[in-house]
$ cat work.cif   # mmCIF, C-alpha atoms
data_input
#
loop_
_atom_site.group_PDB
_atom_site.id
_atom_site.type_symbol
_atom_site.label_atom_id
_atom_site.label_comp_id
_atom_site.auth_asym_id
_atom_site.auth_seq_id
_atom_site.Cartn_x
_atom_site.Cartn_y
_atom_site.Cartn_z
ATOM 1 C CA MET A 17 3.215 3.797 -22.268
ATOM 2 C CA ASP A 18 2.321 7.462 -21.767
ATOM 3 C CA ARG A 19 3.304 9.699 -18.860
ATOM 4 C CA SER A 20 0.201 8.897 -16.753
ATOM 5 C CA GLU A 21 0.712 5.166 -17.203
ATOM 6 C CA SER A 22 4.383 5.564 -16.271
ATOM 7 C CA LEU A 23 3.394 7.387 -13.086
ATOM 8 C CA ILE A 24 0.911 4.654 -12.228
ATOM 9 C CA ALA A 25 3.528 1.960 -12.817
ATOM 10 C CA ALA A 26 6.072 3.817 -10.667
ATOM 11 C CA ARG A 27 3.593 4.290 -7.838
ATOM 12 C CA ILE A 28 2.501 0.654 -7.943
ATOM 13 C CA TYR A 29 6.154 -0.379 -7.812
ATOM 14 C CA PHE A 30 6.568 1.940 -4.802
ATOM 15 C CA LEU A 31 3.566 0.315 -3.087
ATOM 16 C CA GLU A 32 4.950 -3.151 -3.736
ATOM 17 C CA ARG A 33 8.309 -2.163 -2.226
ATOM 18 C CA MET A 34 6.582 -0.496 0.705
ATOM 19 C CA SER A 35 4.624 -3.671 1.448
ATOM 20 C CA SER A 36 7.851 -5.477 2.340
ATOM 21 C CA ALA A 37 8.739 -2.637 4.734
ATOM 22 C CA ALA A 38 5.272 -2.962 6.281
ATOM 23 C CA ASP A 39 5.711 -6.734 6.594
ATOM 24 C CA ASN A 40 8.996 -6.171 8.433
ATOM 25 C CA ALA A 41 7.416 -3.575 10.726
ATOM 26 C CA GLU A 42 4.511 -5.936 11.452
ATOM 27 C CA ASP A 43 7.014 -8.639 12.398
ATOM 28 C CA GLU A 44 8.754 -6.157 14.703
ATOM 29 C CA LEU A 45 5.421 -5.248 16.275
ATOM 30 C CA ARG A 46 4.570 -8.893 16.886
ATOM 31 C CA ALA A 47 7.926 -9.326 18.601
ATOM 32 C CA SER A 48 7.440 -6.195 20.719
ATOM 33 C CA PRO A 49 3.745 -5.216 20.814
ATOM 34 C CA MET A 50 4.291 -2.231 23.111
ATOM 35 C CA ASP A 51 6.927 -0.538 20.899
ATOM 36 C CA ALA A 52 5.450 2.902 20.170
ATOM 37 C CA ALA A 53 8.029 3.696 17.473
ATOM 38 C CA THR A 54 7.026 0.620 15.463
ATOM 39 C CA VAL A 55 3.346 1.503 15.830
ATOM 40 C CA ARG A 56 4.056 5.014 14.492
ATOM 41 C CA LYS A 57 6.089 3.535 11.634
ATOM 42 C CA LEU A 58 3.207 1.239 10.650
ATOM 43 C CA GLU A 59 0.690 4.073 10.879
ATOM 44 C CA ALA A 60 2.895 6.192 8.613
ATOM 45 C CA LEU A 61 3.349 3.345 6.134
ATOM 46 C CA TYR A 62 -0.384 2.652 5.948
ATOM 47 C CA THR A 63 -1.228 6.347 5.597
ATOM 48 C CA LEU A 64 1.295 6.744 2.804
ATOM 49 C CA ALA A 65 0.011 3.592 1.106
ATOM 50 C CA ASP A 66 -3.575 4.878 1.235
ATOM 51 C CA GLU A 67 -2.576 8.265 -0.194
ATOM 52 C CA THR A 68 -0.506 6.624 -2.934
ATOM 53 C CA TRP A 69 -3.363 4.291 -3.870
ATOM 54 C CA GLU A 70 -5.757 7.259 -4.082
ATOM 55 C CA ARG A 71 -3.319 9.018 -6.438
ATOM 56 C CA ILE A 72 -3.065 5.879 -8.555
ATOM 57 C CA GLN A 73 -6.851 5.729 -8.810
ATOM 58 C CA ALA A 74 -7.039 9.413 -9.780
ATOM 59 C CA LEU A 75 -4.400 8.954 -12.478
ATOM 60 C CA HIS A 76 -6.125 5.840 -13.717
ATOM 61 C CA ALA A 77 -9.433 7.711 -13.984
ATOM 62 C CA ARG A 78 -7.768 10.404 -16.094
ATOM 63 C CA LEU A 79 -6.390 7.934 -18.640
ATOM 64 C CA SER A 80 -7.855 8.381 -22.069
ATOM 65 C CA GLY A 81 -9.695 5.081 -22.119
ATOM 66 C CA GLY A 82 -6.702 3.119 -23.381
ATOM 67 C CA PRO A 83 -5.975 -0.314 -21.962
ATOM 68 C CA SER A 84 -4.111 -0.437 -18.684
ATOM 69 C CA ILE A 85 -3.475 -2.988 -15.990
ATOM 70 C CA ILE A 86 -3.372 -2.430 -12.243
ATOM 71 C CA TYR A 87 -2.044 -5.276 -10.118
ATOM 72 C CA PHE A 88 -4.419 -6.186 -7.321
ATOM 73 C CA ASN A 89 -3.320 -8.491 -4.530
ATOM 74 C CA ARG A 90 -6.556 -10.168 -3.462
ATOM 75 C CA ARG A 91 -4.863 -11.816 -0.465
ATOM 76 C CA LEU A 92 -4.210 -8.403 1.114
ATOM 77 C CA ALA A 93 -7.754 -7.189 0.431
ATOM 78 C CA GLU A 94 -9.526 -10.063 2.142
ATOM 79 C CA PRO A 95 -11.528 -8.977 5.216
ATOM 80 C CA ALA A 96 -9.435 -11.117 7.567
ATOM 81 C CA ALA A 97 -6.189 -9.562 6.295
ATOM 82 C CA LYS A 98 -7.624 -6.048 6.555
ATOM 83 C CA ALA A 99 -8.885 -6.675 10.083
ATOM 84 C CA TRP A 100 -5.532 -8.108 11.108
ATOM 85 C CA ARG A 101 -3.625 -5.059 9.751
ATOM 86 C CA GLN A 102 -6.042 -2.638 11.401
ATOM 87 C CA ALA A 103 -5.674 -4.455 14.708
ATOM 88 C CA LEU A 104 -1.932 -3.768 14.616
ATOM 89 C CA VAL A 105 -2.317 0.010 14.775
#
$ encode --input "work.cif" --output "structure tokens"
Amino acid sequence: MDRSESLIAARIYFLERMSSAADNAEDELRASPMDAATVRKLEALYTLADETWERIQALHARLSGGPSIIYFNRRLAEPAAKAWRQALV
């Protein structure tokens, strides 16, 4: 694994860890829908996740054509899941 692939792997691992923090924040928001601090936390998490994913895609595009794997969680990409997450913020 070269340096770019290592960076991709580290960032994907970061995203996977961050998803559990987002799940917890979403649970908190369901319990207290008017909690502004939780809303800000979710907005920050989603913004950071988007930026991290964009960096992963940029690194992936720069790879020299060698084989690589990026984990894709189809359940989180479904329109219903996206709409539900967007409705939270």
$ atom_distance --input "work.cif" --atom1 "atom CA of Glu94 of chain A" --atom2 "atom CA of Glu42 of chain A"
17.3 Å
$ atom_distance --input "work.cif" --atom1 "atom CA of Arg33 of chain A" --atom2 "atom CA of Glu59 of chain A"
16.4 Å
$ atom_distance --input "work.cif" --atom1 "atom CA of Phe30 of chain A" --atom2 "atom CA of Met50 of chain A"
28.3 Å
$ resolve_selection --input "work.cif" --expression "the PyMOL selection byres ((chain A and resi 39) around 12)" --output "list of chain:residue names"
A:Glu32, A:Arg33, A:Met34, A:Ser35, A:Ser36, A:Ala37, A:Ala38, A:Asn40, A:Ala41, A:Glu42, A:Asp43, A:Glu44, A:Leu45, A:Arg46, A:Thr54, A:Lys57, A:Leu58, A:Leu61, A:Tyr62, A:Leu92, A:Arg101, A:Leu104
$ axis_aligned_box --input "work.cif" --around "segment 24-31 of chain A" --padding-each-side "5 Å" --output "JSON"
{"center_x": 3.7, "center_y": 2.1, "center_z": -8.0, "size_x": 15.7, "size_y": 15.0, "size_z": 19.7}
$ resolve_selection --input "work.cif" --expression "the PyMOL selection byres ((chain A and resi 68) around 12)" --output "PyMOL selection string"
chain A and resi 23-32+34+61-67+69-75
$ build_atoms --input "work.cif" --residues "segment 20-52 of chain A" --atoms "N, CA and C atoms" --output "mmCIF file, in the coordinates of the input"
data_model
loop_
_atom_site.group_PDB
_atom_site.id
_atom_site.type_symbol
_atom_site.label_atom_id
_atom_site.label_comp_id
_atom_site.auth_asym_id
_atom_site.auth_seq_id
_atom_site.Cartn_x
_atom_site.Cartn_y
_atom_site.Cartn_z
ATOM 1 N N SER A 20 1.095 9.312 -17.837
ATOM 2 C CA SER A 20 0.201 8.897 -16.753
ATOM 3 C C SER A 20 0.396 7.425 -16.414
ATOM 4 N N GLU A 21 0.505 6.597 -17.443
ATOM 5 C CA GLU A 21 0.712 5.166 -17.203
ATOM 6 C C GLU A 21 2.057 4.919 -16.532
ATOM 7 N N SER A 22 3.073 5.698 -16.906
ATOM 8 C CA SER A 22 4.383 5.564 -16.271
ATOM 9 C C SER A 22 4.308 5.937 -14.798
ATOM 10 N N LEU A 23 3.558 6.992 -14.488
ATOM 11 C CA LEU A 23 3.394 7.387 -13.086
ATOM 12 C C LEU A 23 2.670 6.312 -12.299
ATOM 13 N N ILE A 24 1.646 5.732 -12.895
ATOM 14 C CA ILE A 24 0.911 4.654 -12.228
ATOM 15 C C ILE A 24 1.847 3.478 -11.960
ATOM 16 N N ALA A 25 2.607 3.093 -12.974
ATOM 17 C CA ALA A 25 3.528 1.960 -12.817
ATOM 18 C C ALA A 25 4.551 2.241 -11.721
ATOM 19 N N ALA A 26 5.075 3.464 -11.688
ATOM 20 C CA ALA A 26 6.072 3.817 -10.667
ATOM 21 C C ALA A 26 5.455 3.784 -9.275
ATOM 22 N N ARG A 27 4.239 4.272 -9.151
ATOM 23 C CA ARG A 27 3.593 4.290 -7.838
ATOM 24 C C ARG A 27 3.204 2.886 -7.377
ATOM 25 N N ILE A 28 2.803 2.045 -8.315
ATOM 26 C CA ILE A 28 2.501 0.654 -7.943
ATOM 27 C C ILE A 28 3.778 -0.042 -7.494
ATOM 28 N N TYR A 29 4.874 0.201 -8.218
ATOM 29 C CA TYR A 29 6.154 -0.379 -7.812
ATOM 30 C C TYR A 29 6.519 0.098 -6.401
ATOM 31 N N PHE A 30 6.305 1.391 -6.125
ATOM 32 C CA PHE A 30 6.568 1.940 -4.802
ATOM 33 C C PHE A 30 5.725 1.226 -3.742
ATOM 34 N N LEU A 31 4.432 1.016 -4.029
ATOM 35 C CA LEU A 31 3.566 0.315 -3.087
ATOM 36 C C LEU A 31 4.047 -1.106 -2.835
ATOM 37 N N GLU A 32 4.472 -1.778 -3.895
ATOM 38 C CA GLU A 32 4.950 -3.151 -3.736
ATOM 39 C C GLU A 32 6.198 -3.186 -2.859
ATOM 40 N N ARG A 33 7.102 -2.229 -3.055
ATOM 41 C CA ARG A 33 8.309 -2.163 -2.226
ATOM 42 C C ARG A 33 7.950 -1.813 -0.784
ATOM 43 N N MET A 34 6.993 -0.915 -0.625
ATOM 44 C CA MET A 34 6.582 -0.496 0.705
ATOM 45 C C MET A 34 5.925 -1.645 1.466
ATOM 46 N N SER A 35 5.287 -2.561 0.760
ATOM 47 C CA SER A 35 4.624 -3.671 1.448
ATOM 48 C C SER A 35 5.639 -4.544 2.174
ATOM 49 N N SER A 36 6.845 -4.681 1.629
ATOM 50 C CA SER A 36 7.851 -5.477 2.340
ATOM 51 C C SER A 36 8.321 -4.744 3.595
ATOM 52 N N ALA A 37 8.389 -3.409 3.533
ATOM 53 C CA ALA A 37 8.739 -2.637 4.734
ATOM 54 C C ALA A 37 7.647 -2.787 5.784
ATOM 55 N N ALA A 38 6.389 -2.783 5.348
ATOM 56 C CA ALA A 38 5.272 -2.962 6.281
ATOM 57 C C ALA A 38 5.303 -4.367 6.885
ATOM 58 N N ASP A 39 5.603 -5.363 6.071
ATOM 59 C CA ASP A 39 5.711 -6.734 6.594
ATOM 60 C C ASP A 39 6.772 -6.810 7.690
ATOM 61 N N ASN A 40 7.923 -6.166 7.435
ATOM 62 C CA ASN A 40 8.996 -6.171 8.433
ATOM 63 C C ASN A 40 8.556 -5.454 9.708
ATOM 64 N N ALA A 41 7.887 -4.320 9.555
ATOM 65 C CA ALA A 41 7.416 -3.575 10.726
ATOM 66 C C ALA A 41 6.365 -4.375 11.495
ATOM 67 N N GLU A 42 5.504 -5.093 10.782
ATOM 68 C CA GLU A 42 4.511 -5.936 11.452
ATOM 69 C C GLU A 42 5.191 -7.043 12.244
ATOM 70 N N ASP A 43 6.254 -7.624 11.668
ATOM 71 C CA ASP A 43 7.014 -8.639 12.398
ATOM 72 C C ASP A 43 7.631 -8.052 13.664
ATOM 73 N N GLU A 44 8.177 -6.826 13.539
ATOM 74 C CA GLU A 44 8.754 -6.157 14.703
ATOM 75 C C GLU A 44 7.687 -5.921 15.770
ATOM 76 N N LEU A 45 6.498 -5.525 15.329
ATOM 77 C CA LEU A 45 5.421 -5.248 16.275
ATOM 78 C C LEU A 45 4.954 -6.520 16.982
ATOM 79 N N ARG A 46 4.927 -7.624 16.249
ATOM 80 C CA ARG A 46 4.570 -8.893 16.886
ATOM 81 C C ARG A 46 5.591 -9.267 17.949
ATOM 82 N N ALA A 47 6.863 -8.991 17.659
ATOM 83 C CA ALA A 47 7.926 -9.326 18.601
ATOM 84 C C ALA A 47 7.900 -8.411 19.832
ATOM 85 N N SER A 48 7.478 -7.168 19.617
ATOM 86 C CA SER A 48 7.440 -6.195 20.719
ATOM 87 C C SER A 48 6.179 -5.353 20.589
ATOM 88 N N PRO A 49 5.038 -5.877 21.030
ATOM 89 C CA PRO A 49 3.745 -5.216 20.814
ATOM 90 C C PRO A 49 3.604 -3.836 21.451
ATOM 91 N N MET A 50 4.422 -3.509 22.427
ATOM 92 C CA MET A 50 4.291 -2.231 23.111
ATOM 93 C C MET A 50 5.258 -1.177 22.562
ATOM 94 N N ASP A 51 5.944 -1.464 21.475
ATOM 95 C CA ASP A 51 6.927 -0.538 20.899
ATOM 96 C C ASP A 51 6.208 0.583 20.147
ATOM 97 N N ALA A 52 6.171 1.761 20.748
ATOM 98 C CA ALA A 52 5.450 2.902 20.170
ATOM 99 C C ALA A 52 6.059 3.359 18.847
#
